[in-house]
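Worksheet: one structure, shown below.
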4 protein chains.
Amino acid sequence: MDREGRSGHHRPRDAIIGVNAVTICGTDLHILKGDVPETTPGTALGHEAVGTVVEVGSGVSTLAPGDRILASCISACGACRYCRIGFYGQRLAGGGWILGHTTDGMPAEFARLPFADLSTYKLPDTVSNEAAVLLADILPTSYEVGVLNGRVQPGDTVAVVGAGPIGLAAILTARLYSPSHIIAIDKAESRLQAAKHFGASATVRPDEDPAEVVRALTGGLGADVVIEAVGVPETFELCTTLVRPGGHVANIGVHGKPATLHLESLWIKNVTITTGLVDTSSTPTLLRMLESGQLDAGPMVTHRFALDEFEHAYRVFSDAADTGALKVVLTRS
Amino acid sequence: MDREGRSGHHRPRDAIIGVNAVTICGTDLHILKGDVPETTPGTALGHEAVGTVVEVGSGVSTLAPGDRILASCISACGACRYCRIGFYGQRLAGGGWILGHTTDGMPAEFARLPFADLSTYKLPDTVSNEAAVLLADILPTSYEVGVLNGRVQPGDTVAVVGAGPIGLAAILTARLYSPSHIIAIDKAESRLQAAKHFGASATVRPDEDPAEVVRALTGGLGADVVIEAVGVPETFELCTTLVRPGGHVANIGVHGKPATLHLESLWIKNVTITTGLVDTSSTPTLLRMLESGQLDAGPMVTHRFALDEFEHAYRVFSDAADTGALKVVLTRS
Amino acid sequence: MDREGRSGHHRPRDAIIGVNAVTICGTDLHILKGDVPETTPGTALGHEAVGTVVEVGSGVSTLAPGDRILASCISACGACRYCRIGFYGQRLAGGGWILGHTTDGMPAEFARLPFADLSTYKLPDTVSNEAAVLLADILPTSYEVGVLNGRVQPGDTVAVVGAGPIGLAAILTARLYSPSHIIAIDKAESRLQAAKHFGASATVRPDEDPAEVVRALTGGLGADVVIEAVGVPETFELCTTLVRPGGHVANIGVHGKPATLHLESLWIKNVTITTGLVDTSSTPTLLRMLESGQLDAGPMVTHRFALDEFEHAYRVFSDAADTGALKVVLTRS
Amino acid sequence: MDREGRSGHHRPRDAIIGVNAVTICGTDLHILKGDVPETTPGTALGHEAVGTVVEVGSGVSTLAPGDRILASCISACGACRYCRIGFYGQRLAGGGWILGHTTDGMPAEFARLPFADLSTYKLPDTVSNEAAVLLADILPTSYEVGVLNGRVQPGDTVAVVGAGPIGLAAILTARLYSPSHIIAIDKAESRLQAAKHFGASATVRPDEDPAEVVRALTGGLGADVVIEAVGVPETFELCTTLVRPGGHVANIGVHGKPATLHLESLWIKNVTITTGLVDTSSTPTLLRMLESGQLDAGPMVTHRFALDEFEHAYRVFSDAADTGALKVVLTRS
């Protein structure tokens with residue numbers, strides 16, 4: 001993306017930023033595979049960045065050139081029915097998830113941010129680019145769509161299915177509510193190790209009877225909250241067998257196929273199932289906690305690249321099984 | 001059931017009632033077809049009654065012989081983890097839905113009610129047996145599992161899939177929250193007529209493109225709340241196509257088979273899906289509203305029988321397509 | 001206010017409207033008496049209007065000249081911490097209640113509306129100016145600060161202390177939740193009559209022992225919700241004697257003096273007391289209900305004037321005890 | 001109290017326990033001073049105990065002789081309107097806070113526990129008498145009435161006014177929700193030290209301008225949650241000056257006098273004020289967390305006595321300013 005070339009198109013509520021750091025999201029891999037049909041070929045991917053404001057439209061009131069900001073994956077128009085209730089992720093009037101989805105995204109020198117007042121967050125000096133970029137999507141996604149939708153409460157037993165970056169961020173942020181047990185479920189031993197690092201109190205592979213592990217910890221009852229962090233039918237269906245009567249299943253995974261919902265056993269169980277795209281309404285709170293040291297997502301960054309090593313970074317990230325990549329961060333050198 | 005025969009078995013928290021009126025539930029038909037495997041053959045069915053207390057155990061503190069009471073479908077032990085939070089329908093310590101399910105039910109001269117203090121409600125003189133018996137299951141079920149779980153709010157658009165007794169009771173009780181539109185969906189014209197009587201503002205058959213009807217009323221957005229009141233995969237799946245992003249699907253139907261959950265479109269839509277057995281925690285409130293005339297479920301009773309016309313009543317109820325039966329009430333003559 | 005004179009000062013997110021109709025708020029009387037010290041002499045009062053857009057700034061995206069709109073009493077910047085959670089009434093970044101408070105208000109030919117995208121609502125043709133102007137403040141105030149903060153639920157007993165316009169609007173909107181009883185309390189017989197018209201089921205003067213009336217309707221327990229709609233210490237203190245253990249007192253009144261809080265009896269009673277300025281987050285919903293005929297606040301308008309009869313209208317409104325004025329509406333002739 | 005003498009009076013839902021350990025509550029001191037008029041002279045005080053069941057009535061279903069149990073300060077009938085929604089502290093049918101209040105309490109060899117199924121909790125072997133007795137009142141009180149009523153959330157700033165046992169328990173349990181800051185306010189340096197031990201991140205004396213300390217930590221906004229843990233007018237009024245617009249003031253203190261509520265500044269601030277007696281609905285959760293080591297209230301016990309050293313223990317506890325007593329525990333030797 002070229003700063004001058006684009007600046008002719010921007011609207012009063014836009015800001016132009018120089019990009020300092022970006023990361024790659026599992027969703028980008030889904031787009032490359034063709035799973036997200038509304039993203040047309042040629043769209044620059046990427047919806048997570050930290051940058052420095054270089055220009056603001058006349059309708060932008062809270063930003064000025066030179067501000068170092070977090071560019072959130074969600075652009076909120078602020079005026080539609082959903083924005084008015086903080087559901088910034090749902091789009092009615094041009095907002096929602098647009099960067100790297102329906103308009104060009106951010107692994108470029110410059111990026112145009114629509115509705116910039118509501119889509120960016122000024123960064124305190126004490127928060128590094130690398131720490132901040134994890135707030136663009138993964139931390140608020142796991143916290144809002146997993147932990148808050150799942151209504152984790154002190155003393156709960158929480159099962160997290162999938163210990164990739166999203167699952168790990170769910171484990172990290174679930175701990176803010178002091179559950180008694182967090183059980184991480186994943187096939188990969190390396191991810192289960194990471195899960196323990198981020199706060200899982202127990203780990204189990206899918207072939208080791210996770211339902212039995214959950215029952216053993218809950219007097220046979222099941223988990224209070226189960227968080228789906230993979231996005232395939234099998235893992236979703238596993239979630240619905242782990243939850244206790246009256247419990248919550250919070251789906252974070254991006255799904256390409258339908259799942260089977262076993263209503264013949266679930267109808268009587270007072271279960272709540274939620275889905276969701278992140279709204280980023282928690283971003284200010286998470287940023288405050290990052291600043292105060294309450295949250296440390298740093299160890300999630302396993303690989304670092306220069307901004308122009310984009311193809312290499314993508315390869316490392318998409319070969320996570322071999323490379324052990326969790327989050328890769330690309331920084332302006 | 002024989003009063004003396006049984007009274008030898010009762011426990012301190014039991015009450016024995018003489019049965020004055022009962023009704024038949026769609027769930028009873030499911031049991032007769034073998035859909036509820038935990039109910040063993042020979043169990044007397046029926047979990048909805050009005051009766052007069054004839055005897056109370058030493059541990060019963062709020063009832064006395066002669067009291068006319070509603071016998072609720074749910075028996076709450078009051079002491080288990082679920083009862084302590086008002087989830088009376090979930091069983092941990094002998095309570096929950098037991099009458100006509102795991103122990104003998106109520107279309108008999110006498111019935112034994114376990115945990116009687118928490119499972120019965122004294123009836124004011126102004127509430128008839130026939131009006132009261134609809135509070136034993138159908139009204140609290142539709143209200144709690146449909147309207148409250150679905151979080152109906154003033155101004156909402158509510159779609160109710162299925163206009164049998166449960167769907168009609170959902171329409172009637174949804175109106176307590178002043179939604180702007182209630183759309184009833186059913187195959188049977190007679191049930192759609194009944195739906196209008198109970199307060200539906202629009203009716204539509206499944207083959208008339210209900211999704212389009214909902215979109216037309218909601219600016220293309222979808223329904224705020226969709227209530228499933230049938231219990232087959234097709235109707236559940238219809239519900240998930242009618243709901244708006246951020247909306248609620250509340251399942252009331254008793255399902256015998258799994259349904260398909262289209263996570264490939266739902267993952268991004270912030271949808272909440274709930275299931276549930278009634279807790280009857282709303283029964284005191286509904287009883288107060290029945291007494292004050294705020295709720296009138298009377299027109300739901302289409303057929304009346306004597307208590308000993310049980311087989312006939314069952315036939316009429318199970319042939320609802322031909323007989324037009326909604327609720328049938330059997331009364332001691 | 002002069003259109004040209006002002007237009008030089010407006011900012012990109014402003015709109016200029018031609019004023020079609022306004023009303024006068026009890027708060028305006030408080031300002032005239034000097035009770036609102038942050039409003040400086042010479043400020044044009046008025047924060048409730050319907051108008052037609054004549055000009056929009058470059059940062060306004062949802063309005064165009066010619067749109068007939070409701071100008072809400074609250075201007076939401078949309079970007080501050082409070083706006084992000086729908087608390088539009090609380091000001092951090094220039095928004096909140098500013099019209100007729102900290103900047104010039106609306107009984108003029110033209111008005112400048114800051115943050116116009118978030119502070120206005122397009123009006124459907126079927127909603128008259130007079131009906132709409134009641135949505136600028138009084139209906140959302142009573143609904144949000146009284147009914148929603150008070151958590152009125154079906155079957156509740158609600159006491160409303162004060163049957164002036166705010167109290168009447170609280171009665172009208174409380175009915176959306178189907179309480180079983182609404183008890184209006186006021187000194188003026190004419191207001192109690194109006195309360196009955198808007199849906200009060202019982203009325204009582206303060207000297208007729210309202211606590212006893214409430215107890216009689218609630219088995220001695222007290223009201224589930226008590227709404228304060230006057231703004232003097234005596235009425236607030238009355239509210240805290242009417243509420244049941246576990247109930248809610250929702251204060252709407254604008255207070256100039258402290259009240260006594262009887263913690264020596266309230267500490268043990270699980271009471272929730274709320275205060276609040278309107279956020280107008282309910283305005284879209286209320287507008288929809290006005291359009292569909294679910295809400296009819298029309299009878300609240302007792303006096304009508306031309307826009308240039310402002311002084312006369314103020315006199316009539318401030319002499320409500322004699323004139324019987326509830327809401328007065330001034331319309332462009 | 002004499003076991004045989006009493007057993008003649010007990011009812012089917014009672015249990016008789018042999019008392020193993022008790023503690024003394026600040027409320028007991030209030031009673032001795034005459035602040036609680038419904039407690040008649042001669043009533044044995046004490047509403048917090050751990051004991052061993054020696055006898056159960058015929059209506060008790062979950063306890064058996066030999067069970068070691070926590071005797072909660074609240075006896076829940078389980079059947080009244082309040083018990084049905086988990087408001088066990090509010091009394092309608094003989095339950096609520098009765099032990100050591102309206103009936104004899106527990107610093108005796110034996111105690112009679114009404115409604116024993118709902119008023120006791122079986123103790124796992126790994127939880128000591130001394131740890132458990134803090135769950136009889138102080139921990140659930142501070143957690144429910146302070147932390148849960150106050151709606152503490154991750155990232156919040158919480159101010160706790162009063163760092164006696166109740167305030168310290170509020171600090172300890174507020175941490176379960178990961179607030180960013182907990183500010184303890186007390187006159188006594190020793191209590192502020194204890195507050196730091198239990199997790200306060202800042203401490204301040206009332207004469208050191210606590211409002212300024214709170215503003216400095218919150219960008220001038222005020223605390224999200226303020227917890228009153230003293231019970232005098234001055235501390236309550238301080239709370240209402242510390243809270244931010246939209247924040248919560250949760251009163252735990254037992255008050256003997258009214259306070260002044262500054263509605264002239266609070267009316268516009270969307271503040272929520274709650275009061276409450278503990279319901280003990282959180283006791284099972286807290287017990288689980290005690291067992292798993294998530295909660296350690298142990299350091300709150302500053303003095304230990306034998307059960308028959310009751311007078312001495314009372315003196316030490318009531319002279320807390322000199323003795324530094326927080327909780328004193330009396331154990332059967």
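In the structure tokens, the first chain shown is A, the next is B, and so on; residue numbers restart at 1 for each chain, and ligands run from 1 in the order shown.
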
### Query
For chain C, which residues have at least one atom within 9 Å of chain A, if we go by only C-alpha atoms? Write them as an NGL selection string, please.
:C and (11-13 or 57-62 or 78-81 or 83-86 or 93 or 117-118 or 281 or 284)

Serialized selection, all heavy atoms, as a short mmCIF file (atom, residue, chain, number, x, y, z; two decimals), in the first residue's frame:
```
data_model
loop_
_atom_site.label_atom_id
_atom_site.label_comp_id
_atom_site.auth_asym_id
_atom_site.auth_seq_id
_atom_site.Cartn_x
_atom_site.Cartn_y
_atom_site.Cartn_z
N ARG C 11 -18.21 22.19 13.86
CA ARG C 11 -17.12 21.25 13.69
C ARG C 11 -17.57 20.10 12.80
O ARG C 11 -18.77 19.93 12.56
CB ARG C 11 -16.69 20.74 15.08
CG ARG C 11 -15.92 21.81 15.85
CD ARG C 11 -15.71 21.45 17.28
NE ARG C 11 -16.98 21.40 18.01
CZ ARG C 11 -17.08 21.27 19.32
NH1 ARG C 11 -16.00 21.16 20.07
NH2 ARG C 11 -18.27 21.23 19.90
N PRO C 12 -16.63 19.31 12.31
CA PRO C 12 -16.98 18.30 11.30
C PRO C 12 -18.09 17.35 11.70
O PRO C 12 -18.81 16.86 10.84
CB PRO C 12 -15.66 17.55 11.10
CG PRO C 12 -14.60 18.53 11.48
CD PRO C 12 -15.19 19.35 12.58
N ARG C 13 -18.24 17.08 13.00
CA ARG C 13 -19.26 16.10 13.39
C ARG C 13 -20.58 16.79 13.78
O ARG C 13 -21.50 16.13 14.26
CB ARG C 13 -18.75 15.21 14.53
CG ARG C 13 -17.54 14.38 14.08
CD ARG C 13 -17.04 13.45 15.15
NE ARG C 13 -18.06 12.46 15.52
CZ ARG C 13 -17.95 11.64 16.55
NH1 ARG C 13 -16.87 11.69 17.30
NH2 ARG C 13 -18.90 10.77 16.82
N GLY C 57 -21.68 18.54 8.91
CA GLY C 57 -20.23 18.63 8.80
C GLY C 57 -19.67 17.45 8.01
O GLY C 57 -20.35 16.45 7.76
N SER C 58 -18.40 17.56 7.68
CA SER C 58 -17.78 16.55 6.82
C SER C 58 -17.62 15.21 7.54
O SER C 58 -17.47 14.18 6.91
CB SER C 58 -16.41 17.05 6.37
OG SER C 58 -15.60 17.28 7.52
N GLY C 59 -17.68 15.23 8.86
CA GLY C 59 -17.51 14.00 9.61
C GLY C 59 -18.82 13.32 9.97
O GLY C 59 -18.84 12.35 10.72
N VAL C 60 -19.92 13.84 9.46
CA VAL C 60 -21.24 13.24 9.75
C VAL C 60 -21.56 12.26 8.63
O VAL C 60 -21.54 12.63 7.45
CB VAL C 60 -22.32 14.34 9.83
CG1 VAL C 60 -23.71 13.72 9.94
CG2 VAL C 60 -22.04 15.26 11.02
N SER C 61 -21.86 11.03 8.99
CA SER C 61 -22.02 10.04 7.93
C SER C 61 -23.43 9.51 7.76
O SER C 61 -23.75 8.86 6.79
CB SER C 61 -21.06 8.87 8.16
OG SER C 61 -21.28 8.32 9.43
N THR C 62 -24.31 9.76 8.72
CA THR C 62 -25.63 9.12 8.64
C THR C 62 -26.77 10.10 8.38
O THR C 62 -27.92 9.68 8.33
CB THR C 62 -25.93 8.35 9.94
OG1 THR C 62 -25.99 9.31 11.02
CG2 THR C 62 -24.86 7.32 10.25
N GLY C 78 -19.24 9.12 21.40
CA GLY C 78 -19.07 7.79 20.81
C GLY C 78 -17.71 7.18 21.04
O GLY C 78 -17.51 6.00 20.77
N ALA C 79 -16.78 7.93 21.55
CA ALA C 79 -15.41 7.43 21.62
C ALA C 79 -14.87 7.29 23.03
O ALA C 79 -13.92 6.54 23.26
CB ALA C 79 -14.48 8.34 20.82
N CYS C 80 -15.45 7.98 23.98
CA CYS C 80 -14.88 7.93 25.33
C CYS C 80 -15.26 6.61 26.01
O CYS C 80 -16.08 5.84 25.52
CB CYS C 80 -15.36 9.12 26.16
SG CYS C 80 -17.07 9.01 26.71
N ARG C 81 -14.65 6.38 27.14
CA ARG C 81 -14.89 5.14 27.89
C ARG C 81 -16.38 4.90 28.16
O ARG C 81 -16.85 3.77 28.09
CB ARG C 81 -14.14 5.24 29.20
CG ARG C 81 -14.42 4.11 30.17
CD ARG C 81 -13.50 4.17 31.35
NE ARG C 81 -13.93 3.22 32.37
CZ ARG C 81 -13.32 3.04 33.52
NH1 ARG C 81 -12.23 3.74 33.79
NH2 ARG C 81 -13.76 2.16 34.40
N CYS C 83 -19.09 6.25 26.48
CA CYS C 83 -19.84 6.02 25.24
C CYS C 83 -19.64 4.59 24.75
O CYS C 83 -20.55 3.96 24.22
CB CYS C 83 -19.40 6.99 24.15
SG CYS C 83 -20.20 8.60 24.31
N ARG C 84 -18.43 4.07 24.94
CA ARG C 84 -18.14 2.71 24.47
C ARG C 84 -18.99 1.66 25.14
O ARG C 84 -19.09 0.53 24.66
CB ARG C 84 -16.66 2.40 24.69
CG ARG C 84 -15.77 3.04 23.65
CD ARG C 84 -14.31 2.80 23.95
NE ARG C 84 -13.50 3.24 22.83
CZ ARG C 84 -13.27 2.50 21.76
NH1 ARG C 84 -13.75 1.27 21.67
NH2 ARG C 84 -12.55 2.97 20.76
N ILE C 85 -19.57 1.98 26.29
CA ILE C 85 -20.46 1.00 26.93
C ILE C 85 -21.90 1.51 26.96
O ILE C 85 -22.71 1.02 27.73
CB ILE C 85 -19.97 0.61 28.34
CG1 ILE C 85 -19.79 1.87 29.22
CG2 ILE C 85 -18.65 -0.14 28.28
CD1 ILE C 85 -19.57 1.56 30.69
N GLY C 86 -22.20 2.50 26.12
CA GLY C 86 -23.58 2.96 26.03
C GLY C 86 -24.01 3.91 27.13
O GLY C 86 -25.17 4.24 27.25
N ALA C 93 -15.53 13.34 27.10
CA ALA C 93 -14.83 13.90 25.95
C ALA C 93 -15.72 14.86 25.18
O ALA C 93 -15.80 14.83 23.97
CB ALA C 93 -14.35 12.77 25.03
N ASP C 117 -24.20 12.30 14.45
CA ASP C 117 -24.53 10.91 14.12
C ASP C 117 -25.09 10.16 15.32
O ASP C 117 -25.95 9.29 15.17
CB ASP C 117 -23.26 10.17 13.64
CG ASP C 117 -22.92 10.48 12.19
OD1 ASP C 117 -23.84 10.69 11.39
OD2 ASP C 117 -21.71 10.51 11.88
N LEU C 118 -24.56 10.46 16.49
CA LEU C 118 -24.95 9.70 17.67
C LEU C 118 -25.99 10.41 18.52
O LEU C 118 -26.37 9.91 19.57
CB LEU C 118 -23.72 9.43 18.53
CG LEU C 118 -22.93 8.21 18.10
CD1 LEU C 118 -21.62 8.13 18.83
CD2 LEU C 118 -23.75 6.95 18.38
N SER C 281 -29.88 5.42 25.34
CA SER C 281 -29.61 4.19 24.60
C SER C 281 -30.91 3.47 24.23
O SER C 281 -30.92 2.64 23.33
CB SER C 281 -28.71 3.27 25.42
OG SER C 281 -29.23 3.11 26.71
N PRO C 284 -33.86 4.32 20.22
CA PRO C 284 -34.31 3.60 19.02
C PRO C 284 -35.45 2.63 19.32
O PRO C 284 -36.40 2.51 18.53
CB PRO C 284 -33.05 2.86 18.56
CG PRO C 284 -31.90 3.64 19.13
CD PRO C 284 -32.41 4.17 20.43
#
```

#### Entry: Test item, strand (DSSP E or B) assignment across range 4-250 of chain D, answer as a PyMOL selection string
chain D and resi 15-23+49-56+68-71+75+96+99+103+110-113+120-122+157-161+181-185+202-204+223-228+243-250

### Message
Residues near range 152-166 of chain C, anyone? I mean within 7 Å using only C-alpha atoms, not counting same-chain ones fewer than 6 positions away, as a ChimeraX atom specification.
### Response
/B:176,285,288-289 /C:138,142,174,177-186,191-192,195,223-230,235,326-327

Keeping only C-alpha atoms, write the selected residues as a PDB file, in the first residue's frame.
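To be explicit, this is the file written out as selection.pdb:
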```pdb
ATOM      1  CA  LEU B 176     -45.583  -9.905  29.361  1.00  0.00           C
ATOM      2  CA  THR B 285     -45.154 -15.154  40.006  1.00  0.00           C
ATOM      3  CA  ARG B 288     -50.052 -14.256  41.200  1.00  0.00           C
ATOM      4  CA  MET B 289     -50.683 -13.093  37.651  1.00  0.00           C
TER       5      MET B 289
ATOM      6  CA  ILE C 138     -38.784  12.427  29.124  1.00  0.00           C
ATOM      7  CA  SER C 142     -38.238   7.587  32.813  1.00  0.00           C
ATOM      8  CA  ALA C 174     -43.214   0.379  33.466  1.00  0.00           C
ATOM      9  CA  TYR C 177     -42.889  -5.147  31.776  1.00  0.00           C
ATOM     10  CA  SER C 178     -46.366  -6.129  32.964  1.00  0.00           C
ATOM     11  CA  PRO C 179     -46.130  -5.414  36.662  1.00  0.00           C
ATOM     12  CA  SER C 180     -49.165  -6.591  38.615  1.00  0.00           C
ATOM     13  CA  HIS C 181     -49.592  -3.332  40.503  1.00  0.00           C
ATOM     14  CA  ILE C 182     -48.504   0.247  39.866  1.00  0.00           C
ATOM     15  CA  ILE C 183     -49.184   2.566  42.783  1.00  0.00           C
ATOM     16  CA  ALA C 184     -48.925   6.278  42.044  1.00  0.00           C
ATOM     17  CA  ILE C 185     -48.277   8.642  44.948  1.00  0.00           C
ATOM     18  CA  ASP C 186     -48.791  12.404  44.591  1.00  0.00           C
ATOM     19  CA  ARG C 191     -52.046  14.169  38.725  1.00  0.00           C
ATOM     20  CA  LEU C 192     -53.372  11.035  40.367  1.00  0.00           C
ATOM     21  CA  ALA C 195     -51.658   8.507  36.649  1.00  0.00           C
ATOM     22  CA  ALA C 223     -42.830  -2.872  46.716  1.00  0.00           C
ATOM     23  CA  ASP C 224     -40.443  -4.688  44.404  1.00  0.00           C
ATOM     24  CA  VAL C 225     -39.517  -1.425  42.712  1.00  0.00           C
ATOM     25  CA  VAL C 226     -39.951   2.155  43.897  1.00  0.00           C
ATOM     26  CA  ILE C 227     -39.344   5.010  41.470  1.00  0.00           C
ATOM     27  CA  GLU C 228     -38.547   8.498  42.759  1.00  0.00           C
ATOM     28  CA  ALA C 229     -39.878  11.113  40.333  1.00  0.00           C
ATOM     29  CA  VAL C 230     -39.879  14.332  42.334  1.00  0.00           C
ATOM     30  CA  THR C 235     -39.983  11.824  48.551  1.00  0.00           C
ATOM     31  CA  LEU C 326     -47.911  18.291  32.046  1.00  0.00           C
ATOM     32  CA  LYS C 327     -45.927  18.749  28.848  1.00  0.00           C
TER      33      LYS C 327
END
```
